[in-house]
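Undergrad: Enclosed is the structure file input-v5.txt (compact mmCIF, C-alpha atoms).
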# COMPACT_ATOMS: atom_id res chain seq x y z
CA MET G 8 7.54 -108.79 -21.63
CA CYS G 9 7.56 -108.28 -17.87
CA ALA G 10 10.61 -108.86 -15.70
CA ASN G 11 9.43 -112.15 -14.20
CA VAL G 12 8.83 -113.67 -17.60
CA LYS G 13 12.31 -112.64 -18.76
CA LEU G 14 13.85 -114.04 -15.57
CA MET G 15 12.07 -117.35 -16.13
CA ARG G 16 13.15 -117.30 -19.76
CA GLY G 17 16.79 -116.89 -18.67
CA ILE G 18 16.46 -119.78 -16.23
CA VAL G 19 14.82 -122.06 -18.81
CA ASP G 20 17.39 -121.20 -21.50
CA SER G 21 20.18 -122.02 -19.03
CA LEU G 22 18.83 -125.41 -17.93
CA PRO G 23 21.21 -127.42 -20.17
CA PHE G 24 24.08 -125.57 -18.49
CA SER G 25 22.50 -126.09 -15.05
CA LEU G 26 22.84 -129.78 -15.71
CA THR G 27 26.49 -129.70 -16.79
CA VAL G 28 27.52 -127.17 -14.14
CA GLY G 29 25.71 -129.15 -11.44
CA THR G 30 27.59 -132.28 -12.49
CA LEU G 31 30.89 -130.40 -12.51
CA GLY G 32 30.02 -129.08 -9.03
CA ILE G 33 29.56 -132.65 -7.81
CA VAL G 34 32.94 -133.60 -9.28
CA PHE G 35 34.55 -130.58 -7.61
CA GLY G 36 32.97 -131.35 -4.24
CA ALA G 37 33.89 -135.03 -4.44
CA THR G 38 37.54 -134.41 -5.36
CA ALA G 39 38.08 -131.46 -3.00
CA GLY G 40 38.49 -133.76 0.00
CA SER G 41 41.47 -135.64 -1.42
CA ALA G 42 43.16 -132.30 -2.27
CA GLY G 43 43.04 -131.39 1.41
CA LEU G 44 40.00 -129.12 1.47
CA GLY G 45 37.42 -129.60 4.17
CA ASN G 46 33.78 -130.01 3.12
CA LEU G 47 32.84 -126.58 4.39
CA THR G 48 35.84 -124.97 2.68
CA ALA G 49 34.84 -126.54 -0.64
CA ILE G 50 31.25 -125.34 -0.30
CA LEU G 51 32.35 -121.88 0.86
CA MET G 52 34.63 -121.71 -2.17
CA SER G 53 31.86 -122.51 -4.63
CA PHE G 54 29.66 -120.02 -2.77
CA LEU G 55 32.16 -117.14 -2.90
CA VAL G 56 34.55 -117.82 -5.79
CA PHE G 57 32.06 -119.28 -8.29
CA SER G 58 34.59 -120.14 -10.98
CA GLY G 59 35.07 -123.71 -12.12
CA SER G 60 38.42 -123.20 -13.82
CA ALA G 61 39.94 -121.29 -10.87
CA GLN G 62 38.58 -123.74 -8.32
CA PHE G 63 39.80 -126.88 -10.07
CA ALA G 64 43.20 -125.23 -10.51
CA ALA G 65 43.20 -124.38 -6.80
CA LEU G 66 42.81 -128.05 -5.90
CA GLY G 67 46.26 -128.75 -7.33
CA LEU G 68 47.79 -125.79 -5.49
CA TRP G 69 45.95 -125.98 -2.21
CA LYS G 70 48.78 -126.76 0.19
CA GLN G 71 51.19 -124.38 -1.51
CA HIS G 72 51.87 -120.71 -1.03
CA ALA G 73 48.88 -118.36 -1.21
CA THR G 74 50.69 -116.28 -3.86
CA ALA G 75 50.45 -119.15 -6.34
CA LEU G 76 46.75 -119.34 -5.63
CA LEU G 77 46.28 -115.61 -6.13
CA LEU G 78 48.30 -115.58 -9.34
CA THR G 79 46.49 -118.57 -10.86
CA THR G 80 43.06 -117.23 -9.95
CA THR G 81 43.92 -113.83 -11.40
CA LEU G 82 45.25 -115.28 -14.65
CA LEU G 83 42.27 -117.59 -15.09
CA SER G 84 39.85 -114.75 -14.35
CA THR G 85 41.26 -112.21 -16.81
CA ARG G 86 38.86 -113.48 -19.47
CA PHE G 87 36.00 -112.27 -17.26
CA LEU G 88 37.39 -108.74 -17.52
CA LEU G 89 36.69 -108.73 -21.25
CA MET G 90 33.31 -110.40 -20.89
CA SER G 91 32.28 -108.00 -18.17
CA ALA G 92 33.34 -104.99 -20.25
CA SER G 93 31.37 -106.17 -23.26
CA LEU G 94 28.34 -106.80 -21.02
CA ALA G 95 28.73 -103.35 -19.44
CA ALA G 96 28.55 -101.72 -22.88
CA ARG G 97 25.14 -103.29 -23.44
CA LEU G 98 23.53 -102.85 -20.02
CA PRO G 99 20.90 -100.22 -19.24
CA ARG G 100 21.37 -97.80 -16.33
CA ILE G 101 20.89 -99.83 -13.15
CA PRO G 102 21.73 -99.30 -9.46
CA THR G 103 25.09 -100.27 -7.94
CA TRP G 104 23.81 -103.20 -5.89
CA LEU G 105 22.45 -104.80 -9.05
CA ARG G 106 25.73 -104.11 -10.87
CA THR G 107 27.60 -105.79 -8.01
CA LEU G 108 25.42 -108.91 -8.21
CA LEU G 109 25.60 -109.12 -12.00
CA GLY G 110 29.37 -108.65 -11.83
CA PHE G 111 29.70 -111.51 -9.37
CA GLY G 112 27.61 -113.74 -11.63
CA VAL G 113 29.62 -113.35 -14.86
CA THR G 114 30.47 -116.83 -16.17
CA ASP G 115 31.31 -118.29 -19.57
CA GLU G 116 27.84 -119.80 -19.80
CA SER G 117 25.72 -116.83 -18.74
CA TYR G 118 27.85 -114.58 -20.93
CA ALA G 119 27.49 -116.79 -23.98
CA LEU G 120 23.73 -117.04 -23.54
CA SER G 121 23.04 -113.36 -22.96
CA VAL G 122 25.25 -111.88 -25.69
CA THR G 123 24.11 -114.26 -28.41
CA ARG G 124 20.45 -113.48 -27.70
CA GLY G 125 18.95 -110.60 -29.64
CA ALA G 126 20.57 -108.43 -32.28
CA LYS G 127 24.29 -107.69 -32.38
CA GLY G 128 25.09 -104.89 -29.97
CA ALA G 129 21.50 -104.72 -28.67
CA GLN G 130 20.81 -103.90 -25.04
CA ILE G 131 20.86 -106.93 -22.73
CA SER G 132 17.82 -107.63 -20.59
CA VAL G 133 18.85 -107.49 -16.92
CA PRO G 134 16.26 -109.99 -15.64
CA TYR G 135 17.20 -112.42 -18.42
CA LEU G 136 20.89 -112.16 -17.50
CA ALA G 137 20.03 -112.57 -13.81
CA GLY G 138 18.03 -115.70 -14.65
CA CYS G 139 20.99 -117.19 -16.54
CA MET G 140 23.32 -116.44 -13.64
CA LEU G 141 20.95 -117.87 -11.05
CA ALA G 142 20.43 -121.08 -13.04
CA ILE G 143 24.21 -121.61 -13.04
CA TYR G 144 25.09 -120.42 -9.54
CA VAL G 145 22.54 -122.52 -7.65
CA PRO G 146 23.45 -125.90 -9.24
CA TRP G 147 27.17 -125.10 -8.83
CA VAL G 148 26.84 -124.56 -5.07
CA LEU G 149 24.32 -127.38 -4.54
CA GLY G 150 26.41 -129.76 -6.66
CA THR G 151 29.51 -128.97 -4.60
CA GLY G 152 27.56 -129.64 -1.41
CA LEU G 153 26.26 -132.94 -2.74
CA GLY G 154 29.69 -133.98 -3.99
CA ALA G 155 31.51 -133.06 -0.78
CA SER G 156 28.99 -134.51 1.67
CA LEU G 157 27.74 -137.60 -0.17
CA ILE G 158 29.49 -138.61 -3.39
CA GLY G 159 33.06 -137.97 -2.19
CA PRO G 160 32.72 -140.10 0.99
CA LEU G 161 30.97 -142.85 -1.03
CA ILE G 162 33.87 -143.03 -3.49
CA LYS G 163 36.36 -143.06 -0.62
CA ARG G 164 34.53 -145.90 1.12
CA ALA G 165 34.39 -147.89 -2.10
CA GLN G 166 38.16 -147.42 -2.52
CA ILE G 167 38.86 -148.55 1.04
CA HIS G 168 36.67 -151.63 0.53
CA ARG G 169 38.48 -152.50 -2.68
CA ARG G 170 41.89 -152.06 -1.09
CA SER G 171 41.04 -154.27 1.89
CA ALA G 172 39.53 -156.86 -0.49
CA GLU G 173 42.73 -156.84 -2.53
CA ARG G 174 44.77 -157.25 0.65
CA ARG G 175 42.66 -160.22 1.70
CA LEU G 176 43.11 -161.78 -1.71
CA GLY G 177 46.85 -161.17 -1.44
CA ASP G 178 47.01 -162.99 1.91
CA GLU G 179 45.35 -166.14 0.59
CA MET V 30 41.45 -120.16 9.32
CA SER V 31 44.13 -120.05 6.62
CA ASP V 32 41.82 -122.14 4.45
CA VAL V 33 39.13 -119.50 4.77
CA MET V 34 41.75 -116.82 4.03
CA SER V 35 42.75 -118.62 0.81
CA VAL V 36 39.12 -118.78 -0.28
CA VAL V 37 38.68 -115.08 0.47
CA ILE V 38 41.81 -114.24 -1.53
CA MET V 39 40.54 -116.21 -4.53
CA ALA V 40 37.04 -114.73 -4.23
CA THR V 41 38.39 -111.17 -4.09
CA ALA V 42 40.69 -111.66 -7.09
CA THR V 43 38.04 -113.14 -9.33
CA PHE V 44 35.33 -110.71 -8.17
CA LEU V 45 37.46 -107.64 -8.86
CA LEU V 46 38.13 -108.78 -12.42
CA ARG V 47 34.52 -109.75 -13.13
CA ALA V 48 32.70 -106.87 -11.55
CA SER V 49 34.92 -103.84 -12.08
CA PRO V 50 33.98 -103.16 -15.73
CA ILE V 51 30.27 -103.47 -14.94
CA LEU V 52 30.67 -101.28 -11.85
CA TRP V 53 32.90 -98.79 -13.61
CA ILE V 54 31.00 -98.28 -16.87
CA ARG V 55 27.79 -96.99 -15.36
CA ASP V 56 26.32 -95.41 -18.45
CA ALA V 57 26.82 -97.28 -21.69
CA GLU V 58 25.26 -94.40 -23.63
CA ARG V 59 28.15 -92.12 -22.76
CA MET V 60 30.78 -94.62 -23.84
CA PRO V 61 32.93 -93.47 -26.80
CA ARG V 62 31.63 -95.02 -29.96
CA TRP V 63 34.96 -96.59 -30.95
CA VAL V 64 35.15 -98.40 -27.60
CA LYS V 65 31.63 -99.70 -28.07
CA ARG V 66 32.44 -100.88 -31.58
CA TRP V 67 35.59 -102.56 -30.33
CA LEU V 68 33.63 -104.31 -27.58
CA GLU V 69 31.18 -105.69 -30.14
CA TYR V 70 33.96 -107.98 -31.35
CA VAL V 71 34.58 -109.37 -27.88
CA PRO V 72 31.83 -112.04 -27.81
CA PRO V 73 32.95 -113.98 -30.89
CA ALA V 74 36.61 -113.56 -29.92
CA VAL V 75 36.18 -114.71 -26.33
CA LEU V 76 33.86 -117.60 -27.17
CA ALA V 77 36.20 -118.80 -29.90
CA ALA V 78 39.17 -118.52 -27.55
CA LEU V 79 37.38 -120.68 -25.00
CA VAL V 80 36.62 -123.47 -27.45
CA ALA V 81 39.48 -123.44 -29.97
CA PRO V 82 42.36 -124.62 -27.72
CA GLU V 83 40.22 -127.51 -26.50
CA ILE V 84 39.66 -128.66 -30.09
CA LEU V 85 42.97 -127.78 -31.76
CA ALA V 86 45.51 -128.29 -28.97
CA ARG V 87 43.89 -130.71 -26.60
CA THR V 88 46.14 -132.43 -24.08
CA GLY V 89 45.25 -135.48 -22.06
CA PRO V 90 44.26 -139.04 -22.89
CA ARG V 91 43.02 -139.93 -26.38
CA ILE V 92 39.25 -140.21 -26.53
CA PRO V 93 37.94 -142.35 -29.40
CA GLY V 94 35.31 -140.61 -31.51
CA LEU V 95 36.07 -137.14 -30.20
CA ALA V 96 36.51 -135.61 -33.66
CA LEU V 97 33.24 -137.19 -34.76
CA ALA V 98 31.54 -135.81 -31.66
CA TYR V 99 32.77 -132.31 -32.48
CA ILE V 100 31.35 -132.60 -35.98
CA ALA V 101 28.02 -133.95 -34.71
CA CYS V 102 27.88 -131.09 -32.19
CA LEU V 103 28.66 -128.43 -34.78
CA VAL V 104 26.22 -129.74 -37.38
CA THR V 105 23.40 -130.05 -34.82
CA ALA V 106 24.14 -126.58 -33.47
CA LEU V 107 24.04 -124.99 -36.91
CA ARG V 108 20.83 -126.77 -37.90
CA THR V 109 18.82 -126.48 -34.67
CA ARG V 110 20.26 -123.38 -32.91
CA SER V 111 19.51 -125.26 -29.71
CA ILE V 112 21.84 -125.75 -26.74
CA ILE V 113 20.75 -129.10 -25.40
CA LEU V 114 20.51 -130.94 -28.76
CA PRO V 115 24.18 -130.46 -29.80
CA LEU V 116 25.22 -131.62 -26.33
CA LEU V 117 23.09 -134.73 -26.67
CA ALA V 118 24.36 -135.37 -30.20
CA ALA V 119 27.96 -135.19 -28.97
CA ILE V 120 27.28 -137.45 -25.98
CA VAL V 121 25.49 -140.05 -28.09
CA THR V 122 28.28 -140.00 -30.69
CA LEU V 123 30.91 -140.52 -27.99
CA ALA V 124 28.90 -143.31 -26.42
CA ILE V 125 28.53 -145.13 -29.74
CA ALA V 126 32.20 -144.60 -30.62
CA GLY V 127 33.14 -146.00 -27.22
CA LEU V 128 31.48 -149.32 -28.09
CA PHE V 129 33.96 -150.07 -30.88
Can you turn what I pasted into structure tokens?
TA:
Amino acid sequence: MCANVKLMRGIVDSLPFSLTVGTLGIVFGATAGSAGLGNLTAILMSFLVFSGSAQFAALGLWKQHATALLLTTTLLSTRFLLMSASLAARLPRIPTWLRTLLGFGVTDESYALSVTRGAKGAQISVPYLAGCMLAIYVPWVLGTGLGASLIGPLIKRAQIHRRSAERRLGDE
Amino acid sequence: MSDVMSVVIMATATFLLRASPILWIRDAERMPRWVKRWLEYVPPAVLAALVAPEILARTGPRIPGLALAYIACLVTALRTRSIILPLLAAIVTLAIAGLF
């Protein structure tokens, strides 16, 4: 099978996760505003951090000391250390830039998909893994953008409307 | 600016943990066999550790039909080996349970 076919295969296999991760991204983007993050900060975070658990935890810690943020992110990311090590044991020899990209893209979903495919302990196809990662990264970032720019403000406006309606009812 | 700094701190921390094993172990062939064998047990252990607390020690509001949804999900997963079908089975079960 050629690389493009394997890449496509990874993307197609990941589509159910694209859907759930995209939705989670929207939720993250929409709630980031009320935690004190600007729209661009929220999108930048999804773009660079790319970890749902760490990012949702960060929302609760945002206005506190950076040490708390660092500690929480580190603790929540330790599981990736194990996943990454078990992936590394099954990867072929590939250049550093590709290793860097694959390392950045390690997530619960892409890990689960790529290690359960094929025989136990068999070598993992790099294009397939890249496809899985891409199909999770893109919806995560796009979802955050959509949530921060559109869904979040819509919810806020609806809340303001309801509050002013309640006030009017209270006056009568 | 400090917001951007916080994001960079988080990104660095998570990236170092995710990427360092893949960057460090450059040749899997030369890895000691006992390490390789040990690492073969990581997938089931990690995946179980991700799911088990959510099922066995869930905190948060009570969701009617959750146990049924887990069962529907598990049975569908075992029978179909698909990813989307167990998700759908769980969602449909929760939706139906929510009606009562």
Undergrad: Output the contact residues of chain G with respect to chain V at a cut-off of 8 Å, based on all atoms listed in the file, as an MDAnalysis selection string.
TA: chainID G and resid 23 44 48 51:52 55:58 73 76:77 80:81 84:101 103 106:107 109:111 113 119 122 127:128
Undergrad: If we count only C-alpha atoms, what is near Ala142 in chain G at a cut-off of 8 Å, once residues fewer than 2 positions away on the same chain are taken out, given as an MDAnalysis selection string?
TA: chainID G and resid 17:18 21:22 24:25 138:140 144:146
Undergrad: Write out as a list of chain:residue names which residues come within 9 Å of range 30-33 of chain G when counting only C-alpha atoms, dropping same-chain ones fewer than 6 positions away.
TA: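 Within the cut-off, the hits are G:Ser53, G:Gly59, G:Pro146, G:Trp147, G:Val148, G:Leu149, G:Gly150, G:Thr151, G:Gly152, G:Leu153, G:Gly154, G:Ala155, G:Ile158, G:Gly159.
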Undergrad: Would you mind exporting the chosen residues as a compact mmCIF listing (two decimals), keeping the file's coordinate frame, restricted to C-alpha atoms?
TA:
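Output file part-v5.txt follows:
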# COMPACT_ATOMS: atom_id res chain seq x y z
CA SER G 53 31.86 -122.51 -4.63
CA GLY G 59 35.07 -123.71 -12.12
CA PRO G 146 23.45 -125.90 -9.24
CA TRP G 147 27.17 -125.10 -8.83
CA VAL G 148 26.84 -124.56 -5.07
CA LEU G 149 24.32 -127.38 -4.54
CA GLY G 150 26.41 -129.76 -6.66
CA THR G 151 29.51 -128.97 -4.60
CA GLY G 152 27.56 -129.64 -1.41
CA LEU G 153 26.26 -132.94 -2.74
CA GLY G 154 29.69 -133.98 -3.99
CA ALA G 155 31.51 -133.06 -0.78
CA ILE G 158 29.49 -138.61 -3.39
CA GLY G 159 33.06 -137.97 -2.19
Undergrad: CA of Pro102 in chain G to CA of Phe54 in chain G: how many Å, to one decimal?
TA: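 Separation between CA of Pro102 in chain G and CA of Phe54 in chain G: 23.2 Å.
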Undergrad: Report, in Å to a single decimal, how far apart CA of Leu120 in chain G and CA of Tyr99 in chain V are.
TA: 19.9 Å
Undergrad: Please give the centre and size of the box around range 117-124 of chain V (axis-aligned, containing every atom listed in the file, 6 Å added per side), with values in Å to one decimal and written as JSON.
TA:
{"center_x": 27.0, "center_y": -139.0, "center_z": -28.3, "size_x": 19.8, "size_y": 20.6, "size_z": 16.7}
Undergrad: Mind giving me the straight-line distance from CA of Leu107 in chain V to CA of Leu83 in chain G in Å, one decimal?
TA: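 Distance between the two atoms: 29.4 Å.
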